[in-house]
Every structure is written in structure tokens, then in C-alpha cells.
$ cat model_36.cif   # mmCIF, C-alpha atoms
data_data
loop_
_atom_site.label_atom_id
_atom_site.label_comp_id
_atom_site.auth_asym_id
_atom_site.auth_seq_id
_atom_site.Cartn_x
_atom_site.Cartn_y
_atom_site.Cartn_z
CA MET A 496 97.05 107.84 120.52
CA TRP A 497 98.97 108.12 117.28
CA SER A 498 101.20 105.15 116.48
CA GLY A 499 104.81 105.61 115.46
CA ARG A 500 104.02 104.34 111.97
CA SER A 501 101.22 106.89 111.51
CA LEU A 502 103.57 109.68 112.55
CA VAL A 503 106.18 108.47 110.06
CA VAL A 504 103.56 108.61 107.29
CA LEU A 505 102.63 112.17 108.25
CA LYS A 506 106.29 113.14 108.38
CA GLY A 507 106.68 111.67 104.90
CA LEU A 508 104.15 114.20 103.58
CA THR A 509 106.41 117.11 104.53
CA TYR A 510 108.79 118.78 102.08
CA ALA A 511 112.01 119.58 103.90
CA PRO A 512 113.30 122.43 101.67
CA THR A 513 110.24 124.63 102.36
CA GLY A 514 108.30 123.12 105.29
CA GLY A 515 105.19 122.62 103.15
CA ILE A 516 103.00 119.58 103.87
CA VAL A 517 100.95 117.92 101.11
CA ALA A 518 97.50 116.45 101.64
CA ALA A 519 98.49 113.27 99.78
CA PRO A 520 101.23 112.18 97.35
CA THR A 521 98.72 111.06 94.70
CA THR A 522 96.59 112.43 91.88
CA SER A 523 93.51 111.11 90.09
CA LEU A 524 92.77 108.17 92.39
CA PRO A 525 88.98 107.92 92.04
CA GLU A 526 86.45 108.05 94.85
CA GLN A 527 84.70 105.25 92.91
CA LEU A 528 86.23 103.08 90.21
CA GLY A 529 85.18 104.44 86.86
CA GLY A 530 84.01 107.71 88.41
CA VAL A 531 85.03 111.25 87.51
CA ARG A 532 85.77 112.57 91.01
CA ASN A 533 89.49 112.10 90.57
CA TRP A 534 91.32 115.00 92.17
CA ASP A 535 94.94 116.02 92.43
CA TYR A 536 95.90 116.13 96.12
CA ARG A 537 99.64 116.82 95.77
CA TYR A 538 99.30 120.30 97.23
CA CYS A 539 99.30 121.98 100.60
CA TRP A 540 95.73 122.29 101.83
CA LEU A 541 95.91 124.53 104.88
CA ARG A 542 93.11 122.66 106.63
CA ASP A 543 94.65 119.23 106.13
CA THR A 544 98.02 120.53 107.24
CA THR A 545 96.68 121.81 110.54
CA PHE A 546 95.33 118.34 111.33
CA THR A 547 98.75 116.88 110.56
CA LEU A 548 100.45 119.45 112.77
CA LEU A 549 98.07 118.82 115.66
CA ALA A 550 98.81 115.11 115.48
CA LEU A 551 102.57 115.76 115.47
CA MET A 552 102.37 118.32 118.28
CA ASN A 553 100.23 116.01 120.40
CA ALA A 554 103.06 113.50 120.08
CA GLY A 555 105.61 116.11 121.13
CA TYR A 556 107.04 117.12 117.72
CA TYR A 557 107.11 120.89 117.17
CA ASP A 558 109.82 121.45 114.55
CA GLU A 559 107.32 120.72 111.78
CA ALA A 560 104.90 123.29 113.22
CA ARG A 561 107.61 125.95 113.28
CA ARG A 562 108.75 125.21 109.73
CA TRP A 563 105.19 125.12 108.39
CA ARG A 564 104.34 128.40 110.14
CA ASP A 565 107.33 130.04 108.48
CA TRP A 566 106.29 128.50 105.14
CA LEU A 567 102.75 129.88 105.59
CA PHE A 568 103.94 133.40 106.30
CA ARG A 569 106.10 133.28 103.18
CA ALA A 570 103.21 131.94 101.08
CA VAL A 571 100.80 134.69 102.15
CA ALA A 572 103.41 137.47 102.13
CA GLY A 573 102.16 140.65 100.52
CA SER A 574 98.50 139.65 100.49
CA PRO A 575 97.44 137.78 103.65
CA ASP A 576 93.90 139.11 103.13
CA GLN A 577 93.84 137.03 99.92
CA LEU A 578 94.49 133.78 101.75
CA GLN A 579 94.06 130.72 99.54
CA ILE A 580 92.86 127.40 100.89
CA MET A 581 95.85 125.64 99.31
CA TYR A 582 99.28 126.33 97.81
CA GLY A 583 102.08 124.48 96.07
CA LEU A 584 104.96 123.00 98.03
CA GLY A 585 106.99 126.14 97.44
CA GLY A 586 104.05 128.43 98.18
CA GLU A 587 102.90 128.61 94.54
CA ARG A 588 99.50 130.29 94.16
CA ARG A 589 98.60 129.27 90.60
CA LEU A 590 97.46 125.63 90.58
CA THR A 591 95.45 125.56 87.36
CA GLU A 592 93.49 122.34 86.89
CA TRP A 593 93.75 120.54 83.53
CA GLU A 594 93.15 117.05 82.19
CA ILE A 595 95.43 114.53 80.44
CA PRO A 596 93.13 112.76 77.94
CA TRP A 597 95.77 110.33 76.64
CA LEU A 598 96.18 108.55 80.00
CA PRO A 599 93.67 105.80 80.87
CA GLY A 600 93.54 106.57 84.61
CA TYR A 601 93.50 104.16 87.53
CA GLU A 602 91.37 101.12 86.62
CA GLY A 603 89.99 103.10 83.71
CA SER A 604 88.85 106.02 85.88
CA ARG A 605 89.03 109.23 83.89
CA PRO A 606 89.91 112.01 83.64
CA VAL A 607 93.45 112.17 84.96
CA ARG A 608 93.89 115.62 86.43
CA ILE A 609 96.83 117.88 87.15
CA GLY A 610 96.20 120.88 89.40
CA ASN A 611 93.09 121.56 91.43
CA ALA A 612 90.41 124.17 90.74
CA ALA A 613 89.50 124.24 94.43
CA VAL A 614 92.35 126.73 94.77
CA ASN A 615 89.88 129.42 93.70
CA GLN A 616 87.27 128.55 96.32
CA ILE A 617 86.41 130.43 99.49
CA GLN A 618 86.39 128.20 102.57
CA LEU A 619 85.99 130.35 105.65
CA ASP A 620 86.65 127.53 108.12
CA VAL A 621 90.34 127.53 107.10
CA TYR A 622 90.97 130.65 109.20
CA GLY A 623 89.82 128.83 112.32
CA GLU A 624 91.92 125.77 111.66
CA ILE A 625 95.06 127.83 111.04
CA LEU A 626 94.70 129.97 114.14
CA ASP A 627 93.75 126.96 116.27
CA ALA A 628 96.95 125.15 115.24
CA LEU A 629 99.06 128.26 115.85
CA TYR A 630 97.39 128.76 119.21
CA HIS A 631 98.35 125.25 120.30
CA ALA A 632 101.90 125.76 119.07
CA HIS A 633 102.09 129.07 120.98
CA SER A 634 100.66 127.47 124.12
CA HIS A 635 103.40 124.84 124.04
CA GLY A 636 106.21 127.34 123.81
CA LEU A 637 106.83 127.70 120.08
CA PRO A 638 108.92 130.88 119.73
CA PRO A 639 107.01 133.71 118.02
CA ASN A 640 107.62 134.71 114.43
CA LYS A 641 108.35 138.41 113.93
CA HIS A 642 105.69 138.60 111.21
CA GLY A 643 103.08 136.64 113.12
CA ASP A 644 101.14 139.46 114.75
CA ALA A 645 100.99 141.52 111.54
CA VAL A 646 99.78 138.58 109.44
CA GLY A 647 97.25 137.53 112.08
CA THR A 648 95.83 141.04 112.29
CA VAL A 649 95.29 141.26 108.54
CA LEU A 650 93.66 137.82 108.46
CA LEU A 651 91.26 138.71 111.26
CA LYS A 652 90.36 142.07 109.75
CA HIS A 653 89.46 140.29 106.52
CA LEU A 654 87.52 137.53 108.30
CA ALA A 655 85.61 140.09 110.36
CA LYS A 656 84.18 141.39 107.06
CA THR A 657 83.47 138.03 105.43
CA TRP A 658 82.54 135.45 108.11
CA ASP A 659 78.80 135.84 107.43
CA GLN A 660 79.15 135.30 103.66
CA PRO A 661 78.40 132.01 101.83
CA ASP A 662 81.33 129.82 100.86
CA GLU A 663 82.19 126.42 99.39
CA GLY A 664 82.91 125.05 102.86
CA ILE A 665 84.83 122.00 103.98
CA TRP A 666 83.05 119.93 101.30
CA GLU A 667 84.54 122.03 98.49
CA VAL A 668 81.25 121.95 96.60
CA ARG A 669 81.59 122.77 92.93
CA GLY A 670 78.42 124.76 92.67
CA PRO A 671 76.78 127.88 94.13
CA ARG A 672 78.21 129.01 97.47
CA GLN A 673 76.12 128.23 100.54
CA HIS A 674 75.93 129.08 104.23
CA PHE A 675 77.52 126.26 106.23
CA THR A 676 77.28 125.98 110.01
CA HIS A 677 80.76 124.48 110.13
CA SER A 678 82.25 127.51 108.39
CA LYS A 679 80.60 129.90 110.84
CA VAL A 680 81.71 127.96 113.91
CA MET A 681 85.29 127.70 112.68
CA ALA A 682 85.29 131.46 112.07
CA TRP A 683 84.33 131.73 115.74
CA VAL A 684 87.32 129.49 116.55
CA ALA A 685 89.65 131.90 114.74
CA PHE A 686 88.66 134.86 116.90
CA ASP A 687 88.44 132.76 120.06
CA ARG A 688 92.00 131.47 119.71
CA VAL A 689 93.42 134.94 119.10
CA VAL A 690 91.55 136.29 122.13
CA LYS A 691 93.02 133.45 124.19
CA VAL A 692 96.56 134.27 123.04
CA LEU A 693 96.09 137.96 123.82
CA ASP A 694 94.68 137.07 127.24
CA GLN A 695 97.73 134.90 127.89
CA ARG A 696 99.91 137.91 127.10
CA GLY A 697 97.88 140.10 129.43
CA ASN A 698 96.73 142.26 126.53
CA THR A 699 93.36 143.82 127.37
CA GLY A 700 93.54 146.66 124.85
CA THR A 701 91.38 147.70 121.94
CA ALA A 702 92.38 144.80 119.66
CA THR A 703 91.43 142.20 122.26
CA GLN A 704 88.06 143.82 122.84
CA ARG A 705 87.44 144.10 119.11
CA TRP A 706 88.08 140.43 118.40
CA ARG A 707 86.08 139.38 121.45
CA HIS A 708 83.16 141.43 120.15
CA VAL A 709 83.29 139.74 116.72
CA ARG A 710 83.58 136.32 118.38
CA ASP A 711 80.45 137.03 120.42
CA ARG A 712 78.59 138.26 117.34
CA ILE A 713 79.30 134.97 115.53
CA HIS A 714 78.17 132.99 118.54
CA ALA A 715 74.93 134.93 118.75
CA ASP A 716 74.31 134.58 115.03
CA VAL A 717 74.76 130.80 115.01
CA CYS A 718 72.55 130.32 118.05
CA ARG A 719 69.89 132.72 116.78
CA LYS A 720 69.53 130.87 113.51
CA ARG A 721 69.44 127.62 115.45
CA SER A 722 71.37 125.80 112.76
CA ILE A 723 73.18 123.74 115.36
CA LEU A 724 69.94 122.78 117.13
CA HIS A 725 68.68 121.14 113.94
CA SER A 726 72.05 119.52 113.25
CA VAL A 727 72.48 118.06 116.73
CA ALA A 728 69.01 116.51 116.54
CA LEU A 729 70.22 114.36 113.66
CA PHE A 730 72.83 112.77 115.92
CA ARG A 731 70.57 111.87 118.84
CA PRO A 732 69.68 108.19 119.15
CA THR A 733 65.98 108.96 119.63
CA GLY A 734 65.83 111.53 116.85
CA ARG A 735 63.69 113.70 119.14
CA ARG A 736 64.43 117.37 119.69
CA ARG A 737 64.36 118.63 123.23
CA SER A 738 63.47 122.19 124.01
CA MET A 739 66.47 124.35 124.86
CA ARG A 740 66.90 127.78 126.31
CA ALA A 741 66.28 130.30 123.55
CA SER A 742 69.53 132.15 124.22
CA CYS A 743 71.69 129.21 123.15
CA SER A 744 71.15 125.83 121.56
CA CYS A 745 74.66 124.64 120.77
CA ARG A 746 75.22 122.28 123.74
CA SER A 747 78.99 122.79 123.52
CA SER A 748 80.87 123.97 126.59
CA ALA A 749 83.68 125.19 124.31
CA PHE A 750 81.47 127.17 121.95
CA CYS A 751 79.03 128.34 124.63
CA PRO A 752 80.20 128.10 128.24
CA GLN A 753 76.84 128.94 129.82
CA PRO A 754 74.84 125.80 130.72
CA THR A 755 71.66 124.77 128.94
CA ARG A 756 68.95 122.38 130.00
CA ALA A 757 70.41 119.81 127.65
CA SER A 758 73.98 120.24 128.83
CA SER A 759 74.01 116.94 130.70
CA ALA A 760 73.27 114.96 127.54
CA PRO A 761 76.23 113.08 126.07
CA SER A 762 77.84 114.88 123.16
CA ARG A 763 79.08 113.39 119.90
CA ARG A 764 81.90 114.90 117.91
CA SER A 765 81.23 115.45 114.25
CA SER A 766 83.82 114.11 111.83
CA GLY A 767 83.99 117.59 110.29
CA ALA A 768 85.12 119.38 113.45
CA SER A 769 88.68 120.45 114.13
CA LEU A 770 90.72 117.85 116.01
CA SER A 771 91.27 120.18 118.92
CA THR A 772 88.50 122.75 119.05
CA GLY A 773 86.53 120.76 121.62
CA LEU A 774 83.30 121.43 119.76
CA SER A 775 80.50 118.88 119.91
CA ILE A 776 78.81 120.44 116.91
CA ALA A 777 77.46 118.74 113.84
CA THR A 778 78.39 120.19 110.48
CA THR A 779 75.16 119.87 108.53
CA PRO A 780 74.84 122.74 106.02
CA GLU A 781 72.31 125.43 106.79
CA ARG A 782 69.10 125.26 104.80
#
$ encode --input "model_36.cif" --output "C-alpha cells"
Amino acid sequence: MWSGRSLVVLKGLTYAPTGGIVAAPTTSLPEQLGGVRNWDYRYCWLRDTTFTLLALMNAGYYDEARRWRDWLFRAVAGSPDQLQIMYGLGGERRLTEWEIPWLPGYEGSRPVRIGNAAVNQIQLDVYGEILDALYHAHSHGLPPNKHGDAVGTVLLKHLAKTWDQPDEGIWEVRGPRQHFTHSKVMAWVAFDRVVKVLDQRGNTGTATQRWRHVRDRIHADVCRKRSILHSVALFRPTGRRRSMRASCSCRSSAFCPQPTRASSAPSRRSSGASLSTGLSIATTPER
């Protein structure tokens, strides 16, 4: 349960004139004193924002979700298939990263940075987090936006072509792109949430069937490569891997509703999973 003080802090990260929500109001605070991993977080990471919105909605506050949704549609207007993982408070797309060499930094931690080069990264999980948050807002009666269906369609068409590609993932690695299990599962979430919304509307047409087909393809791909089987084994107290039915090894009733022989085992939520996806899936990168 979120405390009132926590909700006030989250509310304080919102920018009233636009509805944008920053990840943090700070820049260049180091992960370790004297280290160089000093990033500028004064921007609107879409992933972080969805977690904020879910917390607010779970406490009964939906105005922020509506305003952020409208901000998002303005930010991606004209090129929703070129979705960035982050934007400025006003929807700015250019967030060039540069250093200020004449400032000493916090406790001597340099460099001091302005901007964030992660803006140029591909993080496929963001699609799932966005559509999951919008699905929850829709399910709780948030009035639709007239541009919502058009934007969602373009996003899904793009994701349908790219979900199986390597990306920088939730870890924002500054190196070669990799295949991350978390990214693939969150792509599944994107299609699953849209299918759920269309089902709620009673829409059983071509679009619904198309997105359901892509969702099932992602599910089959993840289970076939057994990435999740290896990841889950890392979180078992005994460290021993049990044999599972070859058709599915994910052990998550949300990701795979059919039972497995290990379905009675207690599940553990990974810290990398979405707050509301219901997935008991570890997020170890694929090897």
C-alpha cells in the first residue's frame, strides 16, 4: 500500500503545464562516490512514468494518467513508429548528452552531465509498459482519447516487426545490443493488453486476430528458447532445475495460462517486471 507521503513525492515529479512526469529531479548524482556513472534523470522516461501512474491509479488518482496520456500522444505525434524511450517535459525529442568539466560534481564525482544519450537507445519493453498502463486506465473508466486507437495501431505495427530484434533493454547497456528475455516478455504484454481491450469492446475482427497471433508467436518463441526456464532456476532456493513440459516452461499463469508440472511451486516476482503484469518471470538476459 502506497503511503500518502510517497504519493505526494510522485505527484511532485509531474509538470502541470504539460502532464509530463520526470524520473527524478536530479542530475549527476553518482551510483558510487567518485564514479563516472552519473546520469541526468530530469527527463520523462516512459517506463518510469508508467510505474508512477500505476501507483497513483492504484490509490484512486486518474487525472495524472489522463494528462500523461494526452502528453504522450502529443510527444509522439507525426511519428509514433519512432517512439523514443524518453522525452523532455514538453515532449522534446533532442536530449543531447554533454559534460560540464568546470564543475567538481557531487563529492568529487565527475563528470557532471546534462542530457542523456540513452534517448537514442532501443528498449522494446517500453511498448509493453505503456500499453499496460493505458489498459489499466481504460479498465477503470478513463475516457478514450480520439487519437488513441490510431497511435496504438501504429505502435503495434512497428512492434510486430521489431519485437524479435536485440535492444539495450531495461538496463540501458551502453554497448552492443542484446536479446533480453524481459524485452520479449514485455512485448508480449503490449499485444496482450490490446487484445484484452478489444475483447472488452466486443471486437473480434481482423485486428484482434492479428494481434492475438503476434502475441502467441512471442509466447512460443520465449518458451521454445527456454530463456525463462534458465532464469527461473536462478531464483529457486535449491538451485535445482525441475523438468517441465516441453510446450511451456514459464510457470506464469499470466504469461501462459495452461498448467505445467511445476505450476504449484511458489513464484517469485523479479524486480524488473512491470508492477501490474502479474508475471513471475526473471529478467536474466538471454545468452
$ residues_around --input "model_36.cif" --residues "A:Leu524" --least-positions-apart "6" --cutoff "12 Å" --atoms "only C-alpha atoms" --output "PyMOL selection string"
chain A and resi 530-537+599-609
$ residues_near_point --input "model_36.cif" --point "(91.3, 141.4, 109.6)" --cutoff "12 Å" --atoms "all atoms listed in the file" --output "list in words"
Ser574, Pro575, Asp576, Gln577, Leu578, Tyr622, Asp644, Ala645, Val646, Gly647, Thr648, Val649, Leu650, Leu651, Lys652, His653, Leu654, Ala655, Lys656, Thr657, Trp658, Ala682, Ala685, Phe686, Val689, Ala702, Arg705, Trp706 and Val709 of chain A
$ atom_distance --input "model_36.cif" --atom1 "atom CA of A:Gly573" --atom2 "atom CA of A:Val517"
22.8 Å
$ resolve_selection --input "model_36.cif" --expression "the PyMOL selection byres ((chain A and resi 611-620) around 7)" --output "short mmCIF file (atom, residue, chain, number, x, y, z; two decimals) with C-alpha atoms, in the frame of the given file"
data_model
loop_
_atom_site.label_atom_id
_atom_site.label_comp_id
_atom_site.auth_asym_id
_atom_site.auth_seq_id
_atom_site.Cartn_x
_atom_site.Cartn_y
_atom_site.Cartn_z
CA TRP A 534 91.32 115.00 92.17
CA ASP A 535 94.94 116.02 92.43
CA GLN A 579 94.06 130.72 99.54
CA ILE A 580 92.86 127.40 100.89
CA MET A 581 95.85 125.64 99.31
CA LEU A 590 97.46 125.63 90.58
CA THR A 591 95.45 125.56 87.36
CA GLU A 592 93.49 122.34 86.89
CA ILE A 609 96.83 117.88 87.15
CA GLY A 610 96.20 120.88 89.40
CA VAL A 621 90.34 127.53 107.10
CA TYR A 622 90.97 130.65 109.20
CA GLY A 623 89.82 128.83 112.32
CA GLU A 624 91.92 125.77 111.66
CA TRP A 658 82.54 135.45 108.11
CA ASP A 662 81.33 129.82 100.86
CA GLU A 663 82.19 126.42 99.39
CA GLY A 664 82.91 125.05 102.86
CA ILE A 665 84.83 122.00 103.98
CA GLU A 667 84.54 122.03 98.49
CA HIS A 677 80.76 124.48 110.13
CA SER A 678 82.25 127.51 108.39
CA MET A 681 85.29 127.70 112.68
CA ALA A 682 85.29 131.46 112.07
#
$ resolve_selection --input "model_36.cif" --expression "the PyMOL selection byres ((chain A and resi 692) around 10)" --output "list in words"
Leu629, Tyr630, His631, His633, Ser634, Asp687, Arg688, Val689, Val690, Lys691, Leu693, Asp694, Gln695, Arg696, Gly697, Asn698 and Thr703 of chain A
$ atom_distance --input "model_36.cif" --atom1 "atom CA of A:Thr544" --atom2 "atom CA of A:His708"
28.7 Å
$ atom_distance --input "model_36.cif" --atom1 "atom CA of A:Leu584" --atom2 "atom CA of A:Tyr557"
19.4 Å
$ closest_residue --input "model_36.cif" --among "A:Tyr582, A:Trp563, A:Trp593, A:Phe546" --to "A:Thr522" --atoms "all atoms listed in the file"
A:Trp593
$ resolve_selection --input "model_36.cif" --expression "the PyMOL selection byres ((chain A and resi 672) around 8)" --output "count of residues only"
8
